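Colleague: Following this line is run02.cif, made up of mmCIF, N, CA and C atoms:
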```cif
data_structure
#
loop_
_atom_site.label_atom_id
_atom_site.label_comp_id
_atom_site.auth_asym_id
_atom_site.auth_seq_id
_atom_site.Cartn_x
_atom_site.Cartn_y
_atom_site.Cartn_z
N MET R 1 60.04 26.97 99.79
CA MET R 1 60.55 28.15 100.46
C MET R 1 59.59 29.31 100.20
N THR R 2 59.16 29.96 101.25
CA THR R 2 58.26 31.09 101.15
C THR R 2 59.04 32.37 101.38
N LEU R 3 58.86 33.32 100.49
CA LEU R 3 59.51 34.62 100.64
C LEU R 3 58.63 35.52 101.48
N GLU R 4 59.20 36.10 102.51
CA GLU R 4 58.47 36.98 103.41
C GLU R 4 58.49 38.41 102.87
N PRO R 5 57.40 39.16 103.06
CA PRO R 5 57.39 40.57 102.65
C PRO R 5 58.50 41.33 103.38
N ALA R 6 59.15 42.24 102.67
CA ALA R 6 60.24 43.03 103.24
C ALA R 6 59.67 44.23 104.00
N GLU R 7 60.47 44.72 104.92
CA GLU R 7 60.13 45.94 105.66
C GLU R 7 61.31 46.88 105.60
N GLY R 8 61.04 48.17 105.60
CA GLY R 8 62.12 49.16 105.59
C GLY R 8 62.80 49.24 104.24
N VAL R 9 63.97 49.83 104.23
CA VAL R 9 64.73 50.01 103.00
C VAL R 9 65.52 48.74 102.69
N VAL R 10 65.51 48.36 101.41
CA VAL R 10 66.27 47.19 100.94
C VAL R 10 67.40 47.70 100.05
N GLN R 11 68.61 47.22 100.31
CA GLN R 11 69.78 47.60 99.52
C GLN R 11 70.21 46.41 98.67
N ALA R 12 70.59 46.70 97.42
CA ALA R 12 71.00 45.65 96.49
C ALA R 12 72.52 45.60 96.38
N VAL R 13 73.07 44.40 96.50
CA VAL R 13 74.51 44.17 96.38
C VAL R 13 74.73 43.42 95.07
N VAL R 14 75.21 44.16 94.05
CA VAL R 14 75.42 43.58 92.73
C VAL R 14 76.91 43.56 92.45
N LEU R 15 77.47 42.36 92.31
CA LEU R 15 78.89 42.20 92.01
C LEU R 15 79.04 41.66 90.59
N TYR R 16 80.06 42.19 89.89
CA TYR R 16 80.36 41.68 88.56
C TYR R 16 81.83 41.95 88.27
N ASP R 17 82.55 40.91 87.92
CA ASP R 17 83.95 41.03 87.51
C ASP R 17 84.80 41.79 88.54
N GLY R 18 84.58 41.47 89.83
CA GLY R 18 85.36 42.10 90.90
C GLY R 18 84.98 43.52 91.22
N ARG R 19 83.79 43.93 90.77
CA ARG R 19 83.34 45.31 91.01
C ARG R 19 81.94 45.30 91.63
N LEU R 20 81.64 46.35 92.37
CA LEU R 20 80.37 46.52 93.06
C LEU R 20 79.60 47.67 92.42
N LEU R 21 78.32 47.45 92.15
CA LEU R 21 77.47 48.48 91.56
C LEU R 21 77.07 49.50 92.62
N LEU R 22 77.40 50.78 92.34
CA LEU R 22 77.04 51.89 93.23
C LEU R 22 76.30 52.95 92.42
N VAL R 23 75.49 53.73 93.11
CA VAL R 23 74.77 54.83 92.46
C VAL R 23 75.03 56.12 93.23
N ASP R 24 74.93 57.22 92.51
CA ASP R 24 75.16 58.54 93.10
C ASP R 24 73.92 58.97 93.88
N ASP R 25 74.15 59.28 95.14
CA ASP R 25 73.06 59.73 96.01
C ASP R 25 73.32 61.18 96.41
N GLY R 26 73.44 62.03 95.43
CA GLY R 26 73.67 63.45 95.72
C GLY R 26 75.06 63.75 96.24
N GLY R 27 76.06 63.13 95.68
CA GLY R 27 77.44 63.41 96.08
C GLY R 27 78.13 62.27 96.79
N ALA R 28 77.41 61.22 97.11
CA ALA R 28 78.01 60.04 97.74
C ALA R 28 77.63 58.80 96.94
N TRP R 29 78.54 57.86 96.82
CA TRP R 29 78.25 56.60 96.16
C TRP R 29 77.66 55.64 97.18
N VAL R 30 76.51 55.07 96.86
CA VAL R 30 75.79 54.17 97.76
C VAL R 30 75.27 52.97 96.97
N LEU R 31 74.81 51.97 97.70
CA LEU R 31 74.16 50.83 97.06
C LEU R 31 72.80 51.26 96.52
N PRO R 32 72.37 50.70 95.39
CA PRO R 32 71.00 50.95 94.95
C PRO R 32 70.04 50.47 96.05
N SER R 33 69.07 51.30 96.38
CA SER R 33 68.16 50.91 97.46
C SER R 33 66.79 51.53 97.25
N GLY R 34 65.81 50.92 97.90
CA GLY R 34 64.45 51.42 97.82
C GLY R 34 63.55 50.70 98.79
N THR R 35 62.31 51.14 98.84
CA THR R 35 61.35 50.53 99.76
C THR R 35 60.48 49.51 99.02
N PRO R 36 60.11 48.46 99.70
CA PRO R 36 59.30 47.42 99.06
C PRO R 36 57.86 47.86 98.83
N GLY R 37 57.27 47.28 97.80
CA GLY R 37 55.84 47.47 97.57
C GLY R 37 55.07 46.58 98.53
N PRO R 38 53.75 46.70 98.57
CA PRO R 38 52.94 45.85 99.46
C PRO R 38 53.20 44.37 99.20
N ALA R 39 53.51 43.64 100.24
CA ALA R 39 53.76 42.19 100.20
C ALA R 39 54.93 41.80 99.29
N GLU R 40 55.81 42.75 98.94
CA GLU R 40 56.95 42.46 98.07
C GLU R 40 58.13 41.95 98.89
N PRO R 41 58.67 40.77 98.56
CA PRO R 41 59.84 40.27 99.29
C PRO R 41 61.09 41.09 98.99
N ALA R 42 62.06 41.03 99.88
CA ALA R 42 63.29 41.80 99.73
C ALA R 42 64.01 41.47 98.42
N GLU R 43 64.00 40.20 98.02
CA GLU R 43 64.68 39.79 96.80
C GLU R 43 64.07 40.49 95.58
N ALA R 44 62.74 40.56 95.54
CA ALA R 44 62.05 41.23 94.43
C ALA R 44 62.26 42.74 94.48
N THR R 45 62.28 43.30 95.68
CA THR R 45 62.52 44.73 95.83
C THR R 45 63.89 45.11 95.29
N ALA R 46 64.90 44.34 95.67
CA ALA R 46 66.27 44.62 95.23
C ALA R 46 66.36 44.58 93.71
N ALA R 47 65.79 43.56 93.09
CA ALA R 47 65.84 43.44 91.63
C ALA R 47 65.11 44.59 90.96
N ARG R 48 63.95 44.94 91.46
CA ARG R 48 63.16 46.04 90.88
C ARG R 48 63.90 47.37 90.99
N VAL R 49 64.45 47.65 92.16
CA VAL R 49 65.13 48.92 92.39
C VAL R 49 66.35 49.06 91.49
N VAL R 50 67.14 48.01 91.35
CA VAL R 50 68.32 48.08 90.48
C VAL R 50 67.88 48.38 89.05
N TYR R 51 66.86 47.70 88.58
CA TYR R 51 66.38 47.93 87.22
C TYR R 51 65.85 49.36 87.04
N GLU R 52 65.04 49.81 87.97
CA GLU R 52 64.46 51.15 87.85
C GLU R 52 65.53 52.24 87.88
N LEU R 53 66.54 52.09 88.74
CA LEU R 53 67.56 53.12 88.88
C LEU R 53 68.60 53.07 87.77
N THR R 54 69.06 51.85 87.42
CA THR R 54 70.23 51.71 86.55
C THR R 54 69.94 51.13 85.18
N GLY R 55 68.83 50.41 85.03
CA GLY R 55 68.54 49.73 83.79
C GLY R 55 69.15 48.34 83.70
N TYR R 56 69.94 47.95 84.70
CA TYR R 56 70.52 46.60 84.71
C TYR R 56 69.48 45.60 85.21
N LEU R 57 69.41 44.48 84.53
CA LEU R 57 68.52 43.41 84.94
C LEU R 57 69.28 42.49 85.89
N VAL R 58 68.73 42.31 87.08
CA VAL R 58 69.36 41.44 88.08
C VAL R 58 68.30 40.54 88.70
N ASP R 59 68.79 39.53 89.38
CA ASP R 59 67.92 38.60 90.10
C ASP R 59 68.33 38.65 91.57
N GLY R 60 67.43 39.07 92.43
CA GLY R 60 67.72 39.09 93.87
C GLY R 60 67.76 37.66 94.38
N THR R 61 68.93 37.20 94.79
CA THR R 61 69.08 35.78 95.10
C THR R 61 69.27 35.43 96.56
N GLU R 62 69.92 36.30 97.33
CA GLU R 62 70.30 35.89 98.69
C GLU R 62 70.30 37.07 99.66
N PRO R 63 69.39 37.06 100.63
CA PRO R 63 69.46 38.10 101.67
C PRO R 63 70.73 37.89 102.51
N LEU R 64 71.39 38.97 102.85
CA LEU R 64 72.57 38.88 103.70
C LEU R 64 72.14 38.89 105.16
N ILE R 65 72.56 37.89 105.87
CA ILE R 65 72.26 37.75 107.30
C ILE R 65 73.57 37.98 108.05
N PRO R 66 73.58 38.93 109.00
CA PRO R 66 74.83 39.18 109.75
C PRO R 66 75.26 37.94 110.54
N HIS R 67 76.56 37.69 110.51
CA HIS R 67 77.12 36.63 111.34
C HIS R 67 77.21 37.11 112.78
N GLU R 68 77.33 36.19 113.68
CA GLU R 68 77.47 36.56 115.09
C GLU R 68 78.70 37.44 115.24
N GLY R 69 78.54 38.55 115.92
CA GLY R 69 79.63 39.50 116.11
C GLY R 69 79.62 40.65 115.13
N THR R 70 78.84 40.53 114.04
CA THR R 70 78.72 41.64 113.10
C THR R 70 77.70 42.62 113.65
N PRO R 71 78.03 43.91 113.69
CA PRO R 71 77.07 44.89 114.22
C PRO R 71 75.76 44.85 113.44
N ALA R 72 74.67 44.85 114.17
CA ALA R 72 73.35 44.89 113.55
C ALA R 72 72.97 46.34 113.37
N ASP R 73 73.16 46.86 112.15
CA ASP R 73 72.89 48.27 111.92
C ASP R 73 71.54 48.51 111.26
N GLY R 74 70.70 47.48 111.26
CA GLY R 74 69.34 47.63 110.76
C GLY R 74 69.21 47.61 109.25
N ALA R 75 70.30 47.40 108.54
CA ALA R 75 70.24 47.40 107.09
C ALA R 75 69.75 46.05 106.57
N SER R 76 68.94 46.11 105.53
CA SER R 76 68.49 44.91 104.84
C SER R 76 69.17 44.91 103.48
N ALA R 77 69.99 43.91 103.21
CA ALA R 77 70.74 43.86 101.96
C ALA R 77 70.52 42.51 101.28
N VAL R 78 70.46 42.54 99.96
CA VAL R 78 70.23 41.33 99.17
C VAL R 78 71.30 41.25 98.09
N VAL R 79 71.97 40.10 98.01
CA VAL R 79 72.92 39.85 96.94
C VAL R 79 72.13 39.58 95.66
N CYS R 80 72.53 40.21 94.58
CA CYS R 80 71.84 40.06 93.30
C CYS R 80 72.80 39.55 92.23
N GLN R 81 72.30 38.70 91.38
CA GLN R 81 73.04 38.18 90.24
C GLN R 81 72.77 39.06 89.03
N LEU R 82 73.81 39.58 88.39
CA LEU R 82 73.66 40.40 87.20
C LEU R 82 73.24 39.52 86.03
N LEU R 83 72.16 39.90 85.35
CA LEU R 83 71.65 39.12 84.23
C LEU R 83 71.90 39.80 82.89
N SER R 84 72.21 41.09 82.90
CA SER R 84 72.49 41.82 81.65
C SER R 84 73.71 42.70 81.84
N GLU R 85 74.68 42.59 80.94
CA GLU R 85 75.89 43.39 81.06
C GLU R 85 75.70 44.81 80.57
N THR R 86 74.63 45.05 79.83
CA THR R 86 74.34 46.37 79.30
C THR R 86 73.00 46.83 79.85
N PRO R 87 72.94 48.06 80.38
CA PRO R 87 71.66 48.54 80.91
C PRO R 87 70.66 48.84 79.80
N SER R 88 69.40 48.66 80.08
CA SER R 88 68.35 49.00 79.13
C SER R 88 68.06 50.49 79.24
N ASP R 89 67.34 51.01 78.25
CA ASP R 89 66.93 52.41 78.27
C ASP R 89 65.85 52.60 79.33
N GLY R 90 65.70 53.81 79.79
CA GLY R 90 64.63 54.13 80.72
C GLY R 90 65.03 54.15 82.19
N ALA R 91 66.31 53.98 82.48
CA ALA R 91 66.76 54.06 83.87
C ALA R 91 66.53 55.47 84.39
N SER R 92 66.22 55.59 85.67
CA SER R 92 65.99 56.92 86.23
C SER R 92 67.28 57.68 86.49
N LEU R 93 68.42 56.98 86.54
CA LEU R 93 69.71 57.65 86.73
C LEU R 93 70.46 57.73 85.40
N ALA R 94 71.18 58.82 85.22
CA ALA R 94 72.03 58.99 84.04
C ALA R 94 73.25 58.07 84.17
N PRO R 95 73.87 57.68 83.05
CA PRO R 95 75.04 56.79 83.12
C PRO R 95 76.15 57.28 84.04
N GLU R 96 76.36 58.59 84.14
CA GLU R 96 77.42 59.10 85.02
C GLU R 96 77.05 59.01 86.51
N GLN R 97 75.80 58.65 86.80
CA GLN R 97 75.36 58.45 88.18
C GLN R 97 75.42 56.99 88.61
N VAL R 98 75.96 56.16 87.74
CA VAL R 98 76.11 54.73 88.01
C VAL R 98 77.58 54.39 87.92
N HIS R 99 78.10 53.68 88.92
CA HIS R 99 79.54 53.40 88.98
C HIS R 99 79.79 51.96 89.40
N TRP R 100 80.65 51.28 88.65
CA TRP R 100 81.11 49.94 89.03
C TRP R 100 82.45 50.11 89.73
N ALA R 101 82.45 50.05 91.06
CA ALA R 101 83.66 50.28 91.86
C ALA R 101 84.40 48.97 92.10
N PRO R 102 85.70 48.94 91.83
CA PRO R 102 86.48 47.76 92.21
C PRO R 102 86.32 47.52 93.72
N ILE R 103 86.18 46.28 94.11
CA ILE R 103 85.90 45.96 95.52
C ILE R 103 86.90 46.61 96.47
N PRO R 104 88.21 46.61 96.19
CA PRO R 104 89.13 47.26 97.14
C PRO R 104 88.82 48.74 97.37
N GLU R 105 88.21 49.41 96.39
CA GLU R 105 87.89 50.82 96.54
C GLU R 105 86.64 51.07 97.39
N THR R 106 85.93 50.02 97.77
CA THR R 106 84.70 50.19 98.54
C THR R 106 84.93 50.19 100.04
N VAL R 107 86.18 50.05 100.46
CA VAL R 107 86.49 50.01 101.89
C VAL R 107 86.00 51.26 102.60
N ASP R 108 86.11 52.41 101.95
CA ASP R 108 85.72 53.67 102.58
C ASP R 108 84.30 54.11 102.25
N VAL R 109 83.57 53.29 101.49
CA VAL R 109 82.19 53.62 101.16
C VAL R 109 81.31 53.27 102.36
N ALA R 110 80.34 54.11 102.65
CA ALA R 110 79.43 53.89 103.78
C ALA R 110 78.45 52.77 103.42
N LEU R 111 78.86 51.55 103.72
CA LEU R 111 78.04 50.37 103.48
C LEU R 111 77.67 49.74 104.81
N PRO R 112 76.54 49.02 104.86
CA PRO R 112 76.20 48.30 106.09
C PRO R 112 77.31 47.30 106.45
N ALA R 113 77.48 47.05 107.73
CA ALA R 113 78.51 46.13 108.20
C ALA R 113 78.38 44.76 107.55
N VAL R 114 77.16 44.28 107.36
CA VAL R 114 76.96 42.96 106.76
C VAL R 114 77.47 42.93 105.32
N VAL R 115 77.39 44.06 104.61
CA VAL R 115 77.88 44.12 103.24
C VAL R 115 79.41 44.14 103.23
N HIS R 116 80.01 44.94 104.11
CA HIS R 116 81.48 44.94 104.21
C HIS R 116 81.98 43.54 104.53
N GLU R 117 81.31 42.85 105.44
CA GLU R 117 81.71 41.48 105.80
C GLU R 117 81.61 40.55 104.58
N TYR R 118 80.54 40.67 103.83
CA TYR R 118 80.34 39.85 102.64
C TYR R 118 81.43 40.14 101.60
N LEU R 119 81.75 41.41 101.39
CA LEU R 119 82.75 41.77 100.38
C LEU R 119 84.15 41.30 100.75
N GLN R 120 84.43 41.16 102.04
CA GLN R 120 85.76 40.69 102.44
C GLN R 120 86.06 39.32 101.83
N GLY R 121 85.06 38.50 101.66
CA GLY R 121 85.25 37.19 101.05
C GLY R 121 85.38 37.24 99.55
N HIS R 122 85.17 38.41 98.95
CA HIS R 122 85.22 38.55 97.50
C HIS R 122 86.33 39.48 97.03
N THR R 123 87.11 39.99 97.94
CA THR R 123 88.18 40.91 97.56
C THR R 123 89.37 40.11 97.02
N PRO R 124 89.82 40.45 95.79
CA PRO R 124 91.00 39.74 95.25
C PRO R 124 92.20 39.95 96.15
N VAL R 125 92.98 38.91 96.32
CA VAL R 125 94.19 38.98 97.16
C VAL R 125 95.39 39.36 96.33
#
```
Write out the structure in this file as structure tokens.
Modeller:
Amino acid sequence: MTLEPAEGVVQAVVLYDGRLLLVDDGGAWVLPSGTPGPAEPAEATAARVVYELTGYLVDGTEPLIPHEGTPADGASAVVCQLLSETPSDGASLAPEQVHWAPIPETVDVALPAVVHEYLQGHTPV
């Protein structure tokens, strides 16, 4: 399997214990996101951005592909596996700028349609 270089902004979807990792973007909670480096695949971009912003070590494992009928809003999102439960020092965001939101509370968060669709399968009933 060959990883293709990413284009545009890549958003990281990190789930842990029924919660979604969000970061403060000047008053709004959003997914950690950033732009890829030269020839950097989306999976690597997502992992790097999460680490740089939050200090959490993750592995970008699965790009989210919209299902037929899901609006294509141009967002590139990658599901990431959390590898460390405690963030390392040196994150660019302060701890109060990082939030683990319970999935039901993310309904009103401005997330790409493909991410909302993905989270529907992970919401506790």
Colleague: Would you list, as a ChimeraX atom specification, the residues of segment 11-79 of chain R that end up in alpha helix (DSSP H) under DSSP run on this structure's backbone?
Modeller: /R:42-54
Colleague: For the PyMOL selection byres (((chain R and resi 102-105 and name CA) around 10) and name CA), applied here, can you spell out every residue it catches as a list in words?
Modeller: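 Evaluating the PyMOL selection byres (((chain R and resi 102-105 and name CA) around 10) and name CA) on this file yields Leu15, Tyr16, Asp17, Gly18, Arg19, Leu20, Leu21, His99, Trp100, Ala101, Thr106, Val107, Asp108, Val109, His116, Leu119, Gln120, His122, Thr123, Pro124 and Val125 of chain R.
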Colleague: Using only N, CA and C atoms, which protein or nucleic acid residues come within 7 Å of segment 44-59 of chain R? Drop anything in the same chain fewer than 6 positions from it, and give the result as a list in words.
Modeller: Val10, Gln11, Ala12, Val13, Pro32, Ser33, Gly34, Thr35, Pro36, Gly37, Val78, Val79, Cys80, Gln81, Leu82, Leu83, Ser84, Glu85, Thr86, Pro87, Ser88, Asp89, Gly90, Ala91, Ser92, Leu93, Ala94 and Val98 of chain R
Colleague: Hey, can you check how far atom CA of Asp24 of chain R sits from atom CA of Ala110 of chain R?
Modeller: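 Distance reported for this atom pair: 12.4 Å.
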Colleague: Could you work out how far atom N of Val14 of chain R lies from atom C of Leu31 of chain R, giving the answer in Å with one decimal?
Modeller: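 One can read the atom C of Leu31 of chain R to atom N of Val14 of chain R distance as 7.9 Å.
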Colleague: Give me every strand (DSSP E) residue in chain R, going by DSSP on the backbone, as JSON, numbers by chain.
Modeller: {"R": [10, 11, 12, 13, 14, 15, 16, 19, 20, 21, 22, 23, 24, 29, 30, 33, 34, 58, 59, 60, 61, 62, 63, 76, 77, 78, 79, 80, 81, 82, 98, 99, 100, 101, 102]}
Colleague: Suppose you want the space between atom C of Val30 of chain R and atom C of Leu111 of chain R; what is it in Å?
Modeller: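 Result for atom C of Val30 of chain R versus atom C of Leu111 of chain R: 8.8 Å, one decimal.
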Colleague: Kindly resolve the PyMOL selection byres (((chain R and resi 64 and name CA) around 6) and name CA) on the present coordinates and return the residues as a list in words.
Modeller: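 Taken on the displayed file, the PyMOL selection byres (((chain R and resi 64 and name CA) around 6) and name CA) yields the residues Pro63, Ile65, Ala77 and Val78 of chain R.
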